[in-house]
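This report concerns only the one structure given below.
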Amino acid sequence: MSLPTYQCVPSDEPYLKAVTGINNRPEKYHKFIRILTLSTIVITTLYGIQYILGIGPPILFGGCHKGFYSSRTELPIYYTLPSGDKIPSVALGVWKASKNEVGLAVQTALKAGYRHIDGAWTYGNEAEVGEAIRTSGVPRKDIWLTSKLWNTFHAPEDVEFALDESLARLQTDYLDLYLIHWPVAQNADSSLDKELTANPYPTWQKLEEMVEKGKVRNIGISNFNIRRIQNLTGNPLKYKPAVNQLIEWAKDNNLLLEAYSPFGGNGRVKDSLAVPVVKEIAAELGITPAQVLLSWQVQRGNVVLPKSVTPSRIIENLQITTLPPALANKLEEAAASHRPERSVDPSKDWGVDIFD
């Protein structure tokens with residue numbers, strides 16, 4: 001269902017009288033207008049009360065949530081992938097969300113208006129995520145669900161098994177997006193599979209088969225650098241990667257990016273939120289430092305995957321807003337003023353330089 005569209009008109013009274021014939025309407029018409037106005041006030045009040053209480057917006061338009069995805073934004077609420085599917089620009093990430101916490105986090109997010117949940121097989125919480133979605137009351141078709149193929153399942157004969165396990169735990173028969181989690185293939189004992197690491201094409205071909213079977217709608221990659229992406233895309237692909245995590249190169253090659261740690265990750269959140277320019281922009285706009293960073297990423301054209309199990313922060317992270325160009329440029333300058341730092345790099349543990 002789609003929302004109706006409206007055309008703005010001048011607010012001067014003579015124009016309104018000419019268009020509506022307001023002085024020439026019968027009494028029944030004026031009564032209808034009074035009822036409609038009262039209903040609008042009641043609906044608006046209901047929306048405001050529910051928002052203040054933190055229990056999410058009322059569903060006034062059936063399954064359509066587009067109009068409520070963010071209450072203060074002109075930023076895109078979704079991006080369109082090559083398949084035509086629309087991926088919401090803000091997701092709840094469930095990495096490190098422990099058992100007995102993640103379910104409440106997912107339900108809080110869905111009630112607040114999120115329609116994108118980003119998970120993975122290796123997070124170990126897919127069963128609780130799936131149950132939270134099932135009991136949320138939000139139709140599965142309205143939720144974008146992402147999972148990821150773990151390193152030990154890159155062998156073509158193991159891909160479908162791993163996918164089916166995720167599907168069963170999530171209580172769904174398809175994923176909206178399935179990513180190769182890392183550009184590293186491992187054997188069952190976690191030793192390095194050098195051949196599949198050097199050439200992920202056989203793994204990708206099996207993922208393409210999952211698309212054709214209808215078990216996955218879109219496939220993509222995660223933690224691949226440019227060399228590794230080109231190594232994969234140099235093959236005759238039926239489906240090109242839909243999502244990755246690089247910036248300028250990805251834009252030049254029509255590849256959507258996801259920021260999986262938009263606050264820095266791994267103990268760096270506090271430092272990221274305390275950066276002076278971030279705090280200055282937050283104070284000037286009357287938003288939080290977290291909202292500044294999330295808004296900036298979406299404004300750059302990236303999907304953001306903030307993680308939290310705290311209800312107030314989950315709700316806060318959805319409320320993004322357009323940054324004035326001058327302030328957005330200040331953030332870009334601050335980001336470019338130091339060498340890039342990688343917060344997650346398991347290369348030593350896995351015996352391969354992932355980002356070489």
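Just so we're on the same page: first chain in the structure tokens is A, next is B, and so on; residues restart at 1 for each chain, and ligands are numbered from 1 in the order they show up.
Note that DSSP on the backbone gives strand (DSSP E or B) to these residues of segment 133-255 of chain A: A:Trp144, A:Leu145, A:Thr146, A:Ser147, A:Lys148, A:Leu149, A:Leu175, A:Leu177, A:Tyr178, A:Leu179, A:Ile180, A:Gln186, A:Leu192, A:Val216, A:Ile219, A:Gly220, A:Ile221, A:Val243, A:Asn244.
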With all heavy atoms retained, write the just-selected residues as a short mmCIF file (atom, residue, chain, number, x, y, z; two decimals), in the first residue's frame.
```
data_model
loop_
_atom_site.label_atom_id
_atom_site.label_comp_id
_atom_site.auth_asym_id
_atom_site.auth_seq_id
_atom_site.Cartn_x
_atom_site.Cartn_y
_atom_site.Cartn_z
N TRP A 144 13.38 -6.29 6.28
CA TRP A 144 14.58 -6.66 5.53
C TRP A 144 15.49 -7.43 6.47
O TRP A 144 15.93 -6.93 7.49
CB TRP A 144 15.29 -5.42 5.01
CG TRP A 144 16.48 -5.75 4.16
CD1 TRP A 144 17.72 -6.10 4.58
CD2 TRP A 144 16.52 -5.76 2.73
NE1 TRP A 144 18.54 -6.34 3.51
CE2 TRP A 144 17.84 -6.13 2.36
CE3 TRP A 144 15.60 -5.49 1.72
CZ2 TRP A 144 18.24 -6.24 1.03
CZ3 TRP A 144 16.00 -5.60 0.40
CH2 TRP A 144 17.30 -5.96 0.06
N LEU A 145 15.78 -8.68 6.11
CA LEU A 145 16.55 -9.56 6.98
C LEU A 145 17.84 -9.97 6.28
O LEU A 145 17.84 -10.53 5.18
CB LEU A 145 15.71 -10.80 7.30
CG LEU A 145 16.15 -11.70 8.46
CD1 LEU A 145 16.36 -10.89 9.74
CD2 LEU A 145 15.11 -12.79 8.68
N THR A 146 18.96 -9.66 6.95
CA THR A 146 20.29 -9.98 6.43
C THR A 146 20.97 -11.01 7.31
O THR A 146 20.89 -10.93 8.54
CB THR A 146 21.17 -8.71 6.38
OG1 THR A 146 20.62 -7.77 5.47
CG2 THR A 146 22.59 -9.04 5.94
N SER A 147 21.64 -11.98 6.69
CA SER A 147 22.53 -12.88 7.42
C SER A 147 23.81 -13.04 6.62
O SER A 147 23.92 -12.50 5.50
CB SER A 147 21.87 -14.23 7.70
OG SER A 147 22.69 -15.00 8.58
N LYS A 148 24.76 -13.79 7.17
CA LYS A 148 26.08 -13.89 6.54
C LYS A 148 26.61 -15.31 6.61
O LYS A 148 26.42 -16.02 7.60
CB LYS A 148 27.06 -12.92 7.23
CG LYS A 148 26.56 -11.48 7.28
CD LYS A 148 27.52 -10.57 8.01
CE LYS A 148 26.92 -9.19 8.21
NZ LYS A 148 25.88 -9.18 9.26
N LEU A 149 27.29 -15.69 5.53
CA LEU A 149 27.91 -17.01 5.42
C LEU A 149 29.24 -17.02 6.15
O LEU A 149 30.13 -16.23 5.84
CB LEU A 149 28.12 -17.34 3.94
CG LEU A 149 28.79 -18.68 3.63
CD1 LEU A 149 27.83 -19.83 3.90
CD2 LEU A 149 29.27 -18.70 2.17
N LEU A 175 15.99 -15.08 2.73
CA LEU A 175 16.69 -13.90 3.25
C LEU A 175 16.63 -12.81 2.19
O LEU A 175 16.68 -13.08 1.00
CB LEU A 175 18.16 -14.23 3.54
CG LEU A 175 18.45 -15.17 4.71
CD1 LEU A 175 19.94 -15.48 4.76
CD2 LEU A 175 17.98 -14.58 6.03
N LEU A 177 19.00 -10.51 2.10
CA LEU A 177 20.40 -10.31 1.74
C LEU A 177 21.26 -11.34 2.46
O LEU A 177 21.10 -11.56 3.66
CB LEU A 177 20.85 -8.89 2.13
CG LEU A 177 22.31 -8.51 1.87
CD1 LEU A 177 22.63 -8.57 0.38
CD2 LEU A 177 22.60 -7.11 2.41
N TYR A 178 22.16 -11.98 1.70
CA TYR A 178 23.08 -12.97 2.26
C TYR A 178 24.48 -12.58 1.82
O TYR A 178 24.76 -12.45 0.62
CB TYR A 178 22.72 -14.36 1.75
CG TYR A 178 23.29 -15.51 2.56
CD1 TYR A 178 23.36 -15.45 3.96
CD2 TYR A 178 23.74 -16.67 1.93
CE1 TYR A 178 23.85 -16.52 4.69
CE2 TYR A 178 24.22 -17.75 2.66
CZ TYR A 178 24.28 -17.67 4.03
OH TYR A 178 24.76 -18.74 4.78
N LEU A 179 25.36 -12.33 2.78
CA LEU A 179 26.71 -11.85 2.51
C LEU A 179 27.75 -12.92 2.80
O LEU A 179 27.59 -13.71 3.74
CB LEU A 179 27.02 -10.63 3.38
CG LEU A 179 26.08 -9.44 3.33
CD1 LEU A 179 26.51 -8.39 4.35
CD2 LEU A 179 26.04 -8.84 1.93
N ILE A 180 28.83 -12.93 2.02
CA ILE A 180 30.04 -13.65 2.44
C ILE A 180 30.66 -12.81 3.55
O ILE A 180 31.07 -11.68 3.31
CB ILE A 180 31.02 -13.83 1.27
CG1 ILE A 180 30.39 -14.69 0.17
CG2 ILE A 180 32.31 -14.47 1.77
CD1 ILE A 180 31.29 -14.87 -1.05
N GLN A 186 37.75 -21.23 5.46
CA GLN A 186 38.39 -22.10 6.44
C GLN A 186 37.81 -23.51 6.34
O GLN A 186 36.65 -23.70 5.97
CB GLN A 186 38.18 -21.57 7.85
CG GLN A 186 38.87 -20.24 8.12
CD GLN A 186 38.55 -19.69 9.50
OE1 GLN A 186 37.40 -19.67 9.90
NE2 GLN A 186 39.57 -19.26 10.21
N LEU A 192 43.16 -22.67 7.44
CA LEU A 192 42.92 -21.87 6.24
C LEU A 192 42.77 -22.75 5.00
O LEU A 192 43.58 -23.64 4.75
CB LEU A 192 44.10 -20.90 6.03
CG LEU A 192 43.99 -19.96 4.84
CD1 LEU A 192 42.84 -18.97 5.04
CD2 LEU A 192 45.31 -19.21 4.65
N VAL A 216 17.32 -16.80 -1.31
CA VAL A 216 17.98 -15.51 -1.07
C VAL A 216 17.55 -14.56 -2.19
O VAL A 216 17.47 -14.97 -3.35
CB VAL A 216 19.52 -15.65 -1.08
CG1 VAL A 216 20.18 -14.31 -0.89
CG2 VAL A 216 19.98 -16.63 -0.01
N ILE A 219 22.61 -11.07 -2.94
CA ILE A 219 23.85 -11.58 -2.36
C ILE A 219 24.91 -10.49 -2.42
O ILE A 219 24.89 -9.62 -3.30
CB ILE A 219 24.34 -12.86 -3.06
CG1 ILE A 219 24.37 -12.68 -4.58
CG2 ILE A 219 23.46 -14.04 -2.68
CD1 ILE A 219 24.86 -13.90 -5.35
N GLY A 220 25.83 -10.53 -1.45
CA GLY A 220 26.85 -9.49 -1.39
C GLY A 220 28.07 -9.98 -0.64
O GLY A 220 28.22 -11.16 -0.32
N ILE A 221 28.96 -9.05 -0.35
CA ILE A 221 30.24 -9.36 0.29
C ILE A 221 30.48 -8.41 1.45
O ILE A 221 29.93 -7.32 1.50
CB ILE A 221 31.40 -9.28 -0.72
CG1 ILE A 221 31.34 -7.96 -1.50
CG2 ILE A 221 31.38 -10.46 -1.66
CD1 ILE A 221 32.42 -7.78 -2.53
N VAL A 243 26.13 -5.47 -2.03
CA VAL A 243 26.53 -4.66 -0.89
C VAL A 243 27.98 -4.96 -0.52
O VAL A 243 28.44 -6.09 -0.64
CB VAL A 243 25.61 -4.97 0.34
CG1 VAL A 243 26.15 -4.31 1.60
CG2 VAL A 243 24.19 -4.50 0.07
N ASN A 244 28.71 -3.93 -0.07
CA ASN A 244 30.06 -4.11 0.49
C ASN A 244 30.34 -2.96 1.44
O ASN A 244 29.41 -2.26 1.84
CB ASN A 244 31.10 -4.18 -0.62
CG ASN A 244 32.47 -4.56 -0.10
OD1 ASN A 244 32.60 -5.49 0.66
ND2 ASN A 244 33.49 -3.83 -0.49
#
```
As a short mmCIF file (atom, residue, chain, number, x, y, z; two decimals) with C-alpha atoms, in the first residue's frame, please: every residue in segment 72-289 of chain A that DSSP puts in alpha helix (DSSP H).
```
data_model
loop_
_atom_site.label_atom_id
_atom_site.label_comp_id
_atom_site.auth_asym_id
_atom_site.auth_seq_id
_atom_site.Cartn_x
_atom_site.Cartn_y
_atom_site.Cartn_z
CA VAL A 102 18.69 -9.63 21.58
CA GLY A 103 15.02 -10.60 21.40
CA LEU A 104 13.91 -7.54 23.35
CA ALA A 105 16.22 -5.37 21.25
CA VAL A 106 14.66 -6.65 18.02
CA GLN A 107 11.13 -6.19 19.29
CA THR A 108 11.94 -2.68 20.53
CA ALA A 109 13.43 -1.82 17.15
CA LEU A 110 10.47 -3.12 15.17
CA LYS A 111 8.03 -1.30 17.43
CA ALA A 112 10.03 1.91 16.97
CA GLU A 126 19.61 -16.11 15.12
CA ALA A 127 17.06 -18.32 16.90
CA GLU A 128 16.15 -15.56 19.35
CA VAL A 129 16.06 -12.99 16.55
CA GLY A 130 13.71 -15.21 14.58
CA GLU A 131 11.37 -15.70 17.53
CA ALA A 132 11.32 -11.97 18.23
CA ILE A 133 10.36 -11.27 14.63
CA ARG A 134 7.66 -13.96 14.71
CA PRO A 156 30.23 -25.10 -2.36
CA GLU A 157 28.81 -28.28 -0.83
CA ASP A 158 28.46 -26.51 2.56
CA VAL A 159 26.84 -23.24 1.48
CA GLU A 160 23.23 -24.42 1.27
CA PHE A 161 23.52 -26.32 4.56
CA ALA A 162 24.67 -23.16 6.36
CA LEU A 163 21.97 -21.07 4.71
CA ASP A 164 19.25 -23.57 5.60
CA GLU A 165 20.41 -23.54 9.22
CA SER A 166 20.11 -19.75 9.34
CA LEU A 167 16.69 -19.87 7.67
CA ALA A 168 15.43 -22.42 10.18
CA ARG A 169 16.68 -20.44 13.16
CA LEU A 170 15.22 -17.22 11.80
CA LYS A 194 44.09 -21.35 0.71
CA GLU A 195 42.47 -22.29 -2.59
CA LEU A 196 38.98 -20.95 -1.81
CA THR A 197 40.43 -17.89 -0.08
CA ALA A 198 42.43 -17.05 -3.20
CA TYR A 201 34.24 -17.74 -7.31
CA PRO A 202 33.02 -21.32 -6.56
CA THR A 203 31.45 -20.03 -3.34
CA TRP A 204 29.81 -17.17 -5.22
CA GLN A 205 28.42 -19.53 -7.84
CA LYS A 206 26.69 -21.50 -5.10
CA LEU A 207 25.24 -18.28 -3.69
CA GLU A 208 23.90 -17.46 -7.15
CA GLU A 209 22.20 -20.85 -7.12
CA MET A 210 20.55 -19.90 -3.81
CA VAL A 211 19.14 -16.79 -5.48
CA GLU A 212 17.72 -18.88 -8.29
CA LYS A 213 16.16 -21.28 -5.77
CA ILE A 226 39.26 -3.56 -3.67
CA ARG A 227 41.74 -6.21 -4.80
CA ARG A 228 39.59 -9.02 -3.46
CA ILE A 229 36.44 -7.53 -4.97
CA GLN A 230 38.09 -7.28 -8.38
CA ASN A 231 39.37 -10.84 -7.98
CA LEU A 232 35.76 -11.97 -7.61
CA THR A 233 34.10 -9.68 -10.14
CA GLU A 248 34.68 6.03 -3.39
CA TRP A 249 35.52 2.89 -5.34
CA ALA A 250 32.14 1.39 -4.50
CA LYS A 251 30.28 4.48 -5.69
CA ASP A 252 32.18 4.44 -8.96
CA VAL A 269 32.35 4.20 20.68
CA LYS A 270 33.00 6.56 23.59
CA ASP A 271 35.92 8.20 21.78
CA SER A 272 33.95 8.58 18.53
CA LEU A 273 31.03 10.27 20.26
CA PRO A 276 34.87 17.82 19.34
CA VAL A 277 33.42 18.50 15.90
CA VAL A 278 30.79 15.81 16.42
CA LYS A 279 29.77 17.31 19.76
CA GLU A 280 29.69 20.82 18.27
CA ILE A 281 27.38 19.75 15.45
CA ALA A 282 25.16 17.86 17.88
CA ALA A 283 24.80 20.95 20.07
CA GLU A 284 24.10 23.22 17.11
CA LEU A 285 21.37 20.94 15.70
CA PRO A 289 26.49 12.79 18.78
#
```
Kindly indicate which residue among A:Glu101, A:Glu258, A:Asp189, A:Glu332 lies nearest to Ser89 of chain A, using only C-alpha atoms for the distances.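 Among A:Glu101, A:Glu258, A:Asp189, A:Glu332, it is A:Glu258 that comes nearest to Ser89 of chain A.
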Need to verify the contact set: Ala290 of chain A, 10 Å, only C-alpha atoms, exclusion of same-chain residues closer than 2 positions in sequence. Can you return it as a PDB file with N, CA, C and O atoms, in the first residue's frame?
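New file around.pdb:
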```pdb
ATOM      1  N   PRO A 262      29.329   2.009  12.740  1.00  0.00           N
ATOM      2  CA  PRO A 262      29.314   3.453  12.455  1.00  0.00           C
ATOM      3  C   PRO A 262      29.809   4.319  13.605  1.00  0.00           C
ATOM      4  O   PRO A 262      30.057   5.502  13.413  1.00  0.00           O
ATOM      5  N   PHE A 263      29.986   3.722  14.805  1.00  0.00           N
ATOM      6  CA  PHE A 263      30.528   4.478  15.942  1.00  0.00           C
ATOM      7  C   PHE A 263      31.969   4.077  16.249  1.00  0.00           C
ATOM      8  O   PHE A 263      32.508   4.452  17.282  1.00  0.00           O
ATOM      9  N   VAL A 269      33.590   3.429  20.778  1.00  0.00           N
ATOM     10  CA  VAL A 269      32.353   4.205  20.682  1.00  0.00           C
ATOM     11  C   VAL A 269      32.445   5.490  21.492  1.00  0.00           C
ATOM     12  O   VAL A 269      32.115   6.582  21.011  1.00  0.00           O
ATOM     13  N   SER A 272      34.569   8.037  19.744  1.00  0.00           N
ATOM     14  CA  SER A 272      33.947   8.577  18.527  1.00  0.00           C
ATOM     15  C   SER A 272      32.891   9.622  18.866  1.00  0.00           C
ATOM     16  O   SER A 272      32.797  10.666  18.204  1.00  0.00           O
ATOM     17  N   LEU A 273      32.109   9.351  19.894  1.00  0.00           N
ATOM     18  CA  LEU A 273      31.034  10.271  20.263  1.00  0.00           C
ATOM     19  C   LEU A 273      31.561  11.522  20.957  1.00  0.00           C
ATOM     20  O   LEU A 273      30.829  12.503  21.108  1.00  0.00           O
ATOM     21  N   ALA A 274      32.831  11.480  21.381  1.00  0.00           N
ATOM     22  CA  ALA A 274      33.420  12.622  22.077  1.00  0.00           C
ATOM     23  C   ALA A 274      34.284  13.496  21.176  1.00  0.00           C
ATOM     24  O   ALA A 274      34.881  14.472  21.641  1.00  0.00           O
ATOM     25  N   VAL A 278      32.052  16.548  16.320  1.00  0.00           N
ATOM     26  CA  VAL A 278      30.787  15.807  16.419  1.00  0.00           C
ATOM     27  C   VAL A 278      29.915  16.410  17.515  1.00  0.00           C
ATOM     28  O   VAL A 278      28.709  16.637  17.319  1.00  0.00           O
ATOM     29  N   LYS A 279      30.529  16.709  18.647  1.00  0.00           N
ATOM     30  CA  LYS A 279      29.775  17.309  19.756  1.00  0.00           C
ATOM     31  C   LYS A 279      29.277  18.710  19.395  1.00  0.00           C
ATOM     32  O   LYS A 279      28.158  19.094  19.762  1.00  0.00           O
ATOM     33  N   ALA A 282      26.303  18.353  17.106  1.00  0.00           N
ATOM     34  CA  ALA A 282      25.162  17.859  17.883  1.00  0.00           C
ATOM     35  C   ALA A 282      24.512  18.997  18.661  1.00  0.00           C
ATOM     36  O   ALA A 282      23.281  19.135  18.678  1.00  0.00           O
ATOM     37  N   ILE A 287      20.690  17.573  18.448  1.00  0.00           N
ATOM     38  CA  ILE A 287      20.602  16.117  18.368  1.00  0.00           C
ATOM     39  C   ILE A 287      21.776  15.520  19.130  1.00  0.00           C
ATOM     40  O   ILE A 287      22.628  16.248  19.640  1.00  0.00           O
ATOM     41  N   THR A 288      21.848  14.202  19.200  1.00  0.00           N
ATOM     42  CA  THR A 288      22.934  13.561  19.944  1.00  0.00           C
ATOM     43  C   THR A 288      24.130  13.313  19.032  1.00  0.00           C
ATOM     44  O   THR A 288      23.988  13.260  17.803  1.00  0.00           O
ATOM     45  N   VAL A 292      24.373  12.406  14.943  1.00  0.00           N
ATOM     46  CA  VAL A 292      25.227  13.122  13.991  1.00  0.00           C
ATOM     47  C   VAL A 292      25.966  12.126  13.100  1.00  0.00           C
ATOM     48  O   VAL A 292      25.970  12.241  11.862  1.00  0.00           O
ATOM     49  N   LEU A 293      26.602  11.140  13.712  1.00  0.00           N
ATOM     50  CA  LEU A 293      27.401  10.183  12.949  1.00  0.00           C
ATOM     51  C   LEU A 293      26.536   9.323  12.034  1.00  0.00           C
ATOM     52  O   LEU A 293      26.907   9.050  10.883  1.00  0.00           O
ATOM     53  N   LEU A 294      25.379   8.902  12.515  1.00  0.00           N
ATOM     54  CA  LEU A 294      24.491   8.086  11.683  1.00  0.00           C
ATOM     55  C   LEU A 294      23.926   8.905  10.521  1.00  0.00           C
ATOM     56  O   LEU A 294      23.857   8.424   9.385  1.00  0.00           O
ATOM     57  N   SER A 295      23.523  10.143  10.819  1.00  0.00           N
ATOM     58  CA  SER A 295      22.991  11.011   9.764  1.00  0.00           C
ATOM     59  C   SER A 295      24.043  11.262   8.690  1.00  0.00           C
ATOM     60  O   SER A 295      23.746  11.246   7.488  1.00  0.00           O
ATOM     61  N   TRP A 296      25.266  11.499   9.114  1.00  0.00           N
ATOM     62  CA  TRP A 296      26.364  11.758   8.193  1.00  0.00           C
ATOM     63  C   TRP A 296      26.575  10.571   7.252  1.00  0.00           C
ATOM     64  O   TRP A 296      26.724  10.741   6.035  1.00  0.00           O
ATOM     65  N   PRO A 306      23.848   0.408  13.274  1.00  0.00           N
ATOM     66  CA  PRO A 306      24.178   0.630  14.686  1.00  0.00           C
ATOM     67  C   PRO A 306      23.682  -0.522  15.547  1.00  0.00           C
ATOM     68  O   PRO A 306      22.637  -1.120  15.271  1.00  0.00           O
ATOM     69  N   ARG A 313      18.381   3.914  23.257  1.00  0.00           N
ATOM     70  CA  ARG A 313      19.378   4.141  22.209  1.00  0.00           C
ATOM     71  C   ARG A 313      18.918   3.561  20.876  1.00  0.00           C
ATOM     72  O   ARG A 313      19.210   4.128  19.819  1.00  0.00           O
ATOM     73  N   GLU A 316      16.655   6.157  19.584  1.00  0.00           N
ATOM     74  CA  GLU A 316      17.449   7.340  19.225  1.00  0.00           C
ATOM     75  C   GLU A 316      18.169   7.154  17.901  1.00  0.00           C
ATOM     76  O   GLU A 316      18.217   8.072  17.069  1.00  0.00           O
ATOM     77  N   ASN A 317      18.709   5.960  17.681  1.00  0.00           N
ATOM     78  CA  ASN A 317      19.513   5.721  16.479  1.00  0.00           C
ATOM     79  C   ASN A 317      18.702   5.767  15.189  1.00  0.00           C
ATOM     80  O   ASN A 317      19.276   5.897  14.102  1.00  0.00           O
ATOM     81  N   GLN A 319      16.408   8.066  14.602  1.00  0.00           N
ATOM     82  CA  GLN A 319      16.010   9.452  14.359  1.00  0.00           C
ATOM     83  C   GLN A 319      17.153  10.232  13.737  1.00  0.00           C
ATOM     84  O   GLN A 319      17.862  10.986  14.386  1.00  0.00           O
ATOM     85  N   ILE A 320      17.336  10.022  12.425  1.00  0.00           N
ATOM     86  CA  ILE A 320      18.406  10.717  11.711  1.00  0.00           C
ATOM     87  C   ILE A 320      17.851  11.962  11.026  1.00  0.00           C
ATOM     88  O   ILE A 320      16.643  12.103  10.855  1.00  0.00           O
TER      89      ILE A 320
END
```
Considering only C-alpha atoms, state which residue in the set A:Pro236, A:Pro183, A:Gly113, A:Gly351 is at the smallest distance from Thr152 of chain A.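 Closest candidate: A:Pro183.
Proximity ranking of A:Trp182, A:Tyr174, A:Tyr79, A:Tyr260 relative to Asn218 of chain A places A:Tyr174 first, based on only C-alpha atoms.
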Selected residue, from A:Arg300, A:His181, A:Lys238, A:Arg140, that lies nearest to Ala328 of chain A when counting only C-alpha atoms: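 Selected residue with least distance to Ala328 of chain A: A:Arg300.
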Choose the residue, out of A:Gln171, A:Ser190, A:Asn302, A:Thr310, that has the smallest atom-to-atom separation from Thr135 of chain A; count only C-alpha atoms.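 Closest to Thr135 of chain A, using only C-alpha atoms: A:Gln171.
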In Å, rounded to a single decimal, give me how far atom CA of Pro82 of chain A is from atom CA of Asn253 of chain A. 11.8 Å
Between atom CA of Ser343 of chain A and atom CA of Ala188 of chain A, what is the distance in Å, rounded to a tenth? 26.5 Å
One number please: atom CA of Asp193 of chain A to atom CA of Asp349 of chain A, in Å, one decimal.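 Result for atom CA of Asp193 of chain A versus atom CA of Asp349 of chain A: 13.9 Å, one decimal.
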